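Quick notes on the structure that follows.
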Amino acid sequence: MKNLLRLVAGPLFAAILVLTAFAGPARADTPESDAELALQWQAAWDTYRFYDTAPPLPESGRSRETAEISIQIDAPVQRVFEKYSNINNHVGRHSFLKRVVTHKDWCRYDTRYVNFTAIEEIPYEGAIVTNKTHAQQRIHQEDLYYETDTWSLPGVVTHQKILFKRLPGGKTQVTERLTFDADTSLIEFVVTNGVASHEQTQLGLKEAIESGEV
């Protein structure tokens with residue numbers, strides 16, 4: 001956690017906050033209502049189509065990097081999948097995630113879709129900076145994996161595929177395949193902090209699932 005905070009506390013992070021977030025007195029939420037967040041989600045979706053997995057075009061000024069992280073959880077695969085794929089269980093285990101606002105939750109054929117906005121509160125120089133990440137999750141329960149695409153200012157996109165594998169002894173291996181798209185000048189920062197955040201979330205979910213907390 002100390003390494004993560006050190007990474008996000010530098011001058012580059014300060015510049016990103018100017019572009020991405022609302023900074024004000026310490027508070028536990030956003031100034032917008034859930035209905036207003038839903039409108040922002042739709043505007044982001046319509047404008048950026050952050051589910052698009054096509055790589056950035058050459059000379060676009062944007063870059064793509066990928067990473068893969070894995071963890072073993074001492075619990076049966078169906079239970080791990082159910083708890084891990086519920087984004088609300090990530091609250092308090094993700095580094096800065098404070099709340100999830102679900103805008104739409106529906107099923108089509110064998111896939112469950114969830115449109116949501118993640119509210120993150122990032123401590124910075126004595127203030128709380130609130131950041132909003134818009135996302136769509138697609139859950140494939142029969143095949144034991146889910147996908148999540150996210151978008152946040154300044155044009156940071158992630159494509160995530162989380163796979164669950166049954167292991168001997170009633171254990172489960174969770175593998176996250178992460179793809180990050182961002183401006184070339186920010187890509188290293190985005191990947192480093194994104195991977196660190198997901199690693200911390202994995203550890204938090206492992207502990208919560210194994211202890212029966214969730």
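Identifiers for the structure tokens are assigned positionally: chains receive A, B, ... in sequence, residues are indexed from 1 per chain, and ligands are indexed from 1 in the order shown.
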Discussion item. Quick one: residues within 12 Å of A:Tyr48, only C-alpha atoms, excluding same-chain residues fewer than 2 positions away - as JSON, numbers by chain?
Written reply: {"A": [40, 41, 42, 43, 44, 45, 46, 50, 51, 52, 53, 134, 135, 149, 150, 151, 152, 153, 154, 155, 156, 157]}
Restricting the output to N, CA and C atoms, write the selected residues as a PDB file, in the first residue's frame.
```
ATOM      1  N   GLN A  40     -24.051  10.735 -16.998  1.00  0.00           N
ATOM      2  CA  GLN A  40     -22.626  10.833 -17.309  1.00  0.00           C
ATOM      3  C   GLN A  40     -22.111   9.515 -17.878  1.00  0.00           C
ATOM      4  N   TRP A  41     -22.572   8.407 -17.310  1.00  0.00           N
ATOM      5  CA  TRP A  41     -22.191   7.094 -17.841  1.00  0.00           C
ATOM      6  C   TRP A  41     -22.604   6.987 -19.307  1.00  0.00           C
ATOM      7  N   GLN A  42     -23.840   7.344 -19.607  1.00  0.00           N
ATOM      8  CA  GLN A  42     -24.344   7.218 -20.973  1.00  0.00           C
ATOM      9  C   GLN A  42     -23.580   8.123 -21.923  1.00  0.00           C
ATOM     10  N   ALA A  43     -23.260   9.338 -21.474  1.00  0.00           N
ATOM     11  CA  ALA A  43     -22.499  10.257 -22.321  1.00  0.00           C
ATOM     12  C   ALA A  43     -21.112   9.700 -22.620  1.00  0.00           C
ATOM     13  N   ALA A  44     -20.478   9.117 -21.608  1.00  0.00           N
ATOM     14  CA  ALA A  44     -19.155   8.510 -21.818  1.00  0.00           C
ATOM     15  C   ALA A  44     -19.250   7.340 -22.788  1.00  0.00           C
ATOM     16  N   TRP A  45     -20.266   6.520 -22.622  1.00  0.00           N
ATOM     17  CA  TRP A  45     -20.457   5.363 -23.507  1.00  0.00           C
ATOM     18  C   TRP A  45     -20.695   5.810 -24.944  1.00  0.00           C
ATOM     19  N   ASP A  46     -21.581   6.786 -25.127  1.00  0.00           N
ATOM     20  CA  ASP A  46     -21.918   7.261 -26.467  1.00  0.00           C
ATOM     21  C   ASP A  46     -20.720   7.927 -27.145  1.00  0.00           C
ATOM     22  N   PHE A  50     -16.177   2.744 -24.774  1.00  0.00           N
ATOM     23  CA  PHE A  50     -15.013   2.164 -24.128  1.00  0.00           C
ATOM     24  C   PHE A  50     -15.003   0.645 -24.122  1.00  0.00           C
ATOM     25  N   TYR A  51     -16.036   0.013 -24.655  1.00  0.00           N
ATOM     26  CA  TYR A  51     -16.003  -1.439 -24.828  1.00  0.00           C
ATOM     27  C   TYR A  51     -15.182  -1.836 -26.051  1.00  0.00           C
ATOM     28  N   ASP A  52     -14.857  -0.877 -26.927  1.00  0.00           N
ATOM     29  CA  ASP A  52     -14.121  -1.167 -28.163  1.00  0.00           C
ATOM     30  C   ASP A  52     -12.714  -1.640 -27.810  1.00  0.00           C
ATOM     31  N   THR A  53     -12.371  -2.866 -28.238  1.00  0.00           N
ATOM     32  CA  THR A  53     -11.069  -3.431 -27.886  1.00  0.00           C
ATOM     33  C   THR A  53     -10.030  -3.245 -28.988  1.00  0.00           C
ATOM     34  N   HIS A 134     -16.492   4.929 -15.225  1.00  0.00           N
ATOM     35  CA  HIS A 134     -17.690   4.336 -15.818  1.00  0.00           C
ATOM     36  C   HIS A 134     -17.330   2.979 -16.416  1.00  0.00           C
ATOM     37  N   ALA A 135     -18.218   1.994 -16.243  1.00  0.00           N
ATOM     38  CA  ALA A 135     -17.851   0.629 -16.617  1.00  0.00           C
ATOM     39  C   ALA A 135     -19.052  -0.179 -17.074  1.00  0.00           C
ATOM     40  N   ASP A 149     -15.127  -3.523 -18.946  1.00  0.00           N
ATOM     41  CA  ASP A 149     -14.496  -2.422 -19.671  1.00  0.00           C
ATOM     42  C   ASP A 149     -14.784  -1.141 -18.912  1.00  0.00           C
ATOM     43  N   THR A 150     -13.763  -0.303 -18.743  1.00  0.00           N
ATOM     44  CA  THR A 150     -13.950   0.929 -17.984  1.00  0.00           C
ATOM     45  C   THR A 150     -13.394   2.120 -18.752  1.00  0.00           C
ATOM     46  N   TRP A 151     -13.930   3.282 -18.408  1.00  0.00           N
ATOM     47  CA  TRP A 151     -13.428   4.544 -18.984  1.00  0.00           C
ATOM     48  C   TRP A 151     -13.427   5.598 -17.892  1.00  0.00           C
ATOM     49  N   SER A 152     -12.357   6.392 -17.833  1.00  0.00           N
ATOM     50  CA  SER A 152     -12.308   7.543 -16.929  1.00  0.00           C
ATOM     51  C   SER A 152     -11.419   8.602 -17.561  1.00  0.00           C
ATOM     52  N   LEU A 153     -11.642   9.846 -17.149  1.00  0.00           N
ATOM     53  CA  LEU A 153     -10.788  10.930 -17.616  1.00  0.00           C
ATOM     54  C   LEU A 153      -9.376  10.726 -17.078  1.00  0.00           C
ATOM     55  N   PRO A 154      -8.320  11.130 -17.838  1.00  0.00           N
ATOM     56  CA  PRO A 154      -8.345  11.724 -19.185  1.00  0.00           C
ATOM     57  C   PRO A 154      -8.200  10.654 -20.272  1.00  0.00           C
ATOM     58  N   GLY A 155      -9.302  10.002 -20.602  1.00  0.00           N
ATOM     59  CA  GLY A 155      -9.307   9.034 -21.694  1.00  0.00           C
ATOM     60  C   GLY A 155      -8.596   7.730 -21.383  1.00  0.00           C
ATOM     61  N   VAL A 156      -8.655   7.288 -20.128  1.00  0.00           N
ATOM     62  CA  VAL A 156      -8.032   6.022 -19.742  1.00  0.00           C
ATOM     63  C   VAL A 156      -9.056   4.906 -19.874  1.00  0.00           C
ATOM     64  N   VAL A 157      -8.718   3.880 -20.647  1.00  0.00           N
ATOM     65  CA  VAL A 157      -9.606   2.750 -20.890  1.00  0.00           C
ATOM     66  C   VAL A 157      -8.937   1.480 -20.404  1.00  0.00           C
TER      67      VAL A 157
END
```
Item to complete: Considering only C-alpha atoms, return as a VMD selection string whatever protein or nucleic-acid residues lie within 8 Å of A:Pro55, sequence-local ones (same chain, fewer than 6 positions apart) excluded.
Response: chain A and resid 63 to 64 181
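Of the listed residues (A:Ala35, A:Ala182, A:Leu203, A:Ala118), A:Leu203 comes nearest to A:Ile71; the distances count only C-alpha atoms.
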Item to complete: Could you check how far atom CA of A:Phe96 sits from atom CA of A:Ser197, in Å to one decimal?
Response: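 Between atom CA of A:Phe96 and atom CA of A:Ser197 the gap is 8.6 Å.
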Worksheet entry | Backbone DSSP call of strand (DSSP E or B) for stretch 2-213 of chain A, listed as a ChimeraX atom specification | /A:22-24,62-73,97-108,111-124,127-140,145-152,156-167,171-183
If you keep C-alpha atoms, can you produce a file of those selected residues as a PDB file, in the first residue's frame?
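Everything below was put into part16.pdb:
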```pdb
ATOM      1  CA  PHE A  22     -13.515  16.988  -8.307  1.00  0.00           C
ATOM      2  CA  ALA A  23     -11.403  18.153  -5.389  1.00  0.00           C
ATOM      3  CA  GLY A  24     -13.025  19.707  -2.389  1.00  0.00           C
ATOM      4  CA  ARG A  62      -2.078   6.686 -27.414  1.00  0.00           C
ATOM      5  CA  SER A  63      -0.517   3.409 -26.335  1.00  0.00           C
ATOM      6  CA  ARG A  64      -1.654  -0.018 -25.143  1.00  0.00           C
ATOM      7  CA  GLU A  65      -0.030  -2.218 -22.527  1.00  0.00           C
ATOM      8  CA  THR A  66      -1.125  -5.553 -21.081  1.00  0.00           C
ATOM      9  CA  ALA A  67      -0.518  -7.378 -17.821  1.00  0.00           C
ATOM     10  CA  GLU A  68      -1.620 -10.598 -16.163  1.00  0.00           C
ATOM     11  CA  ILE A  69      -1.926 -11.292 -12.452  1.00  0.00           C
ATOM     12  CA  SER A  70      -3.106 -14.439 -10.701  1.00  0.00           C
ATOM     13  CA  ILE A  71      -4.005 -15.603  -7.211  1.00  0.00           C
ATOM     14  CA  GLN A  72      -5.108 -18.873  -5.607  1.00  0.00           C
ATOM     15  CA  ILE A  73      -8.094 -18.854  -3.268  1.00  0.00           C
ATOM     16  CA  LEU A  97     -13.166   2.306  -4.136  1.00  0.00           C
ATOM     17  CA  LYS A  98     -15.909   3.678  -1.888  1.00  0.00           C
ATOM     18  CA  ARG A  99     -19.148   3.050  -3.713  1.00  0.00           C
ATOM     19  CA  VAL A 100     -20.620   1.447  -6.814  1.00  0.00           C
ATOM     20  CA  VAL A 101     -23.649   2.991  -8.517  1.00  0.00           C
ATOM     21  CA  THR A 102     -25.434   0.423 -10.680  1.00  0.00           C
ATOM     22  CA  HIS A 103     -27.316   1.985 -13.584  1.00  0.00           C
ATOM     23  CA  LYS A 104     -28.617  -1.130 -15.328  1.00  0.00           C
ATOM     24  CA  ASP A 105     -28.484  -4.867 -14.655  1.00  0.00           C
ATOM     25  CA  TRP A 106     -29.953  -7.300 -17.164  1.00  0.00           C
ATOM     26  CA  CYS A 107     -29.464 -10.673 -18.856  1.00  0.00           C
ATOM     27  CA  ARG A 108     -29.303 -11.493 -22.524  1.00  0.00           C
ATOM     28  CA  THR A 111     -24.688 -13.297 -20.302  1.00  0.00           C
ATOM     29  CA  ARG A 112     -25.454 -10.891 -17.486  1.00  0.00           C
ATOM     30  CA  TYR A 113     -24.680  -7.220 -18.165  1.00  0.00           C
ATOM     31  CA  VAL A 114     -24.077  -4.613 -15.472  1.00  0.00           C
ATOM     32  CA  ASN A 115     -23.564  -0.919 -16.241  1.00  0.00           C
ATOM     33  CA  PHE A 116     -22.107   0.942 -13.289  1.00  0.00           C
ATOM     34  CA  THR A 117     -20.017   3.867 -12.099  1.00  0.00           C
ATOM     35  CA  ALA A 118     -17.298   3.287  -9.523  1.00  0.00           C
ATOM     36  CA  ILE A 119     -16.723   6.128  -7.069  1.00  0.00           C
ATOM     37  CA  GLU A 120     -13.154   6.360  -5.830  1.00  0.00           C
ATOM     38  CA  GLU A 121     -11.882   8.650  -3.099  1.00  0.00           C
ATOM     39  CA  ILE A 122      -8.164   9.394  -3.332  1.00  0.00           C
ATOM     40  CA  PRO A 123      -6.383  11.183  -0.461  1.00  0.00           C
ATOM     41  CA  TYR A 124      -4.137  13.945  -1.766  1.00  0.00           C
ATOM     42  CA  ALA A 127      -8.039  16.688   0.690  1.00  0.00           C
ATOM     43  CA  ILE A 128     -10.182  13.937  -0.738  1.00  0.00           C
ATOM     44  CA  VAL A 129     -10.277  13.797  -4.524  1.00  0.00           C
ATOM     45  CA  THR A 130     -13.316  12.036  -5.948  1.00  0.00           C
ATOM     46  CA  ASN A 131     -12.824  10.157  -9.209  1.00  0.00           C
ATOM     47  CA  LYS A 132     -15.546   8.478 -11.274  1.00  0.00           C
ATOM     48  CA  THR A 133     -14.914   5.440 -13.455  1.00  0.00           C
ATOM     49  CA  HIS A 134     -17.690   4.336 -15.818  1.00  0.00           C
ATOM     50  CA  ALA A 135     -17.851   0.629 -16.617  1.00  0.00           C
ATOM     51  CA  GLN A 136     -19.724  -2.253 -18.160  1.00  0.00           C
ATOM     52  CA  GLN A 137     -19.371  -5.771 -16.780  1.00  0.00           C
ATOM     53  CA  ARG A 138     -20.357  -8.902 -18.697  1.00  0.00           C
ATOM     54  CA  ILE A 139     -20.671 -12.041 -16.577  1.00  0.00           C
ATOM     55  CA  HIS A 140     -20.460 -15.488 -18.211  1.00  0.00           C
ATOM     56  CA  TYR A 145     -15.272 -15.766 -16.477  1.00  0.00           C
ATOM     57  CA  TYR A 146     -16.328 -12.158 -16.676  1.00  0.00           C
ATOM     58  CA  GLU A 147     -15.205  -9.078 -18.572  1.00  0.00           C
ATOM     59  CA  THR A 148     -15.203  -5.453 -17.491  1.00  0.00           C
ATOM     60  CA  ASP A 149     -14.496  -2.422 -19.671  1.00  0.00           C
ATOM     61  CA  THR A 150     -13.950   0.929 -17.984  1.00  0.00           C
ATOM     62  CA  TRP A 151     -13.428   4.544 -18.984  1.00  0.00           C
ATOM     63  CA  SER A 152     -12.308   7.543 -16.929  1.00  0.00           C
ATOM     64  CA  VAL A 156      -8.032   6.022 -19.742  1.00  0.00           C
ATOM     65  CA  VAL A 157      -9.606   2.750 -20.890  1.00  0.00           C
ATOM     66  CA  THR A 158      -9.178  -0.707 -19.396  1.00  0.00           C
ATOM     67  CA  HIS A 159     -10.283  -4.059 -20.765  1.00  0.00           C
ATOM     68  CA  GLN A 160     -10.364  -6.788 -18.144  1.00  0.00           C
ATOM     69  CA  LYS A 161     -10.985 -10.510 -18.470  1.00  0.00           C
ATOM     70  CA  ILE A 162     -11.105 -12.439 -15.202  1.00  0.00           C
ATOM     71  CA  LEU A 163     -10.996 -16.231 -15.445  1.00  0.00           C
ATOM     72  CA  PHE A 164     -11.742 -18.794 -12.728  1.00  0.00           C
ATOM     73  CA  LYS A 165     -10.169 -22.268 -12.780  1.00  0.00           C
ATOM     74  CA  ARG A 166     -11.139 -25.167 -10.542  1.00  0.00           C
ATOM     75  CA  LEU A 167      -8.125 -26.625  -8.736  1.00  0.00           C
ATOM     76  CA  LYS A 171      -9.367 -24.422  -4.453  1.00  0.00           C
ATOM     77  CA  THR A 172      -9.686 -21.843  -7.229  1.00  0.00           C
ATOM     78  CA  GLN A 173      -7.204 -19.968  -9.373  1.00  0.00           C
ATOM     79  CA  VAL A 174      -8.259 -16.470 -10.418  1.00  0.00           C
ATOM     80  CA  THR A 175      -6.395 -14.925 -13.353  1.00  0.00           C
ATOM     81  CA  GLU A 176      -6.910 -11.319 -14.402  1.00  0.00           C
ATOM     82  CA  ARG A 177      -5.846 -10.320 -17.909  1.00  0.00           C
ATOM     83  CA  LEU A 178      -5.627  -6.545 -17.984  1.00  0.00           C
ATOM     84  CA  THR A 179      -5.305  -4.248 -20.986  1.00  0.00           C
ATOM     85  CA  PHE A 180      -4.713  -0.510 -20.561  1.00  0.00           C
ATOM     86  CA  ASP A 181      -5.183   2.186 -23.219  1.00  0.00           C
ATOM     87  CA  ALA A 182      -4.035   5.726 -22.446  1.00  0.00           C
ATOM     88  CA  ASP A 183      -2.112   8.680 -23.808  1.00  0.00           C
TER      89      ASP A 183
END
```
Practice prompt. Determine which residues of stretch 6-197 of chain A receive a DSSP assignment of alpha helix (DSSP H), computed from the backbone, and state them as a ChimeraX atom specification.
Written response: /A:6-8,11-20,34-48,77-84,187-197
Worksheet item: Suppose you want the space between atom CA of A:Thr30 and atom CA of A:Ala208; what is it in Å?
Response: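 So the two atoms, atom CA of A:Thr30 and atom CA of A:Ala208, lie 27.1 Å apart.
Taking only C-alpha atoms into account, A:Gly204 lies nearest to A:Arg93 out of the set A:Arg93, A:Glu188, A:Ala75, A:Tyr109.
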Worksheet entry | atom CA of A:Val77 to atom CA of A:His94, distance in Å rounded to a single decimal |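 Atom CA of A:Val77 sits 21.2 Å away from atom CA of A:His94.
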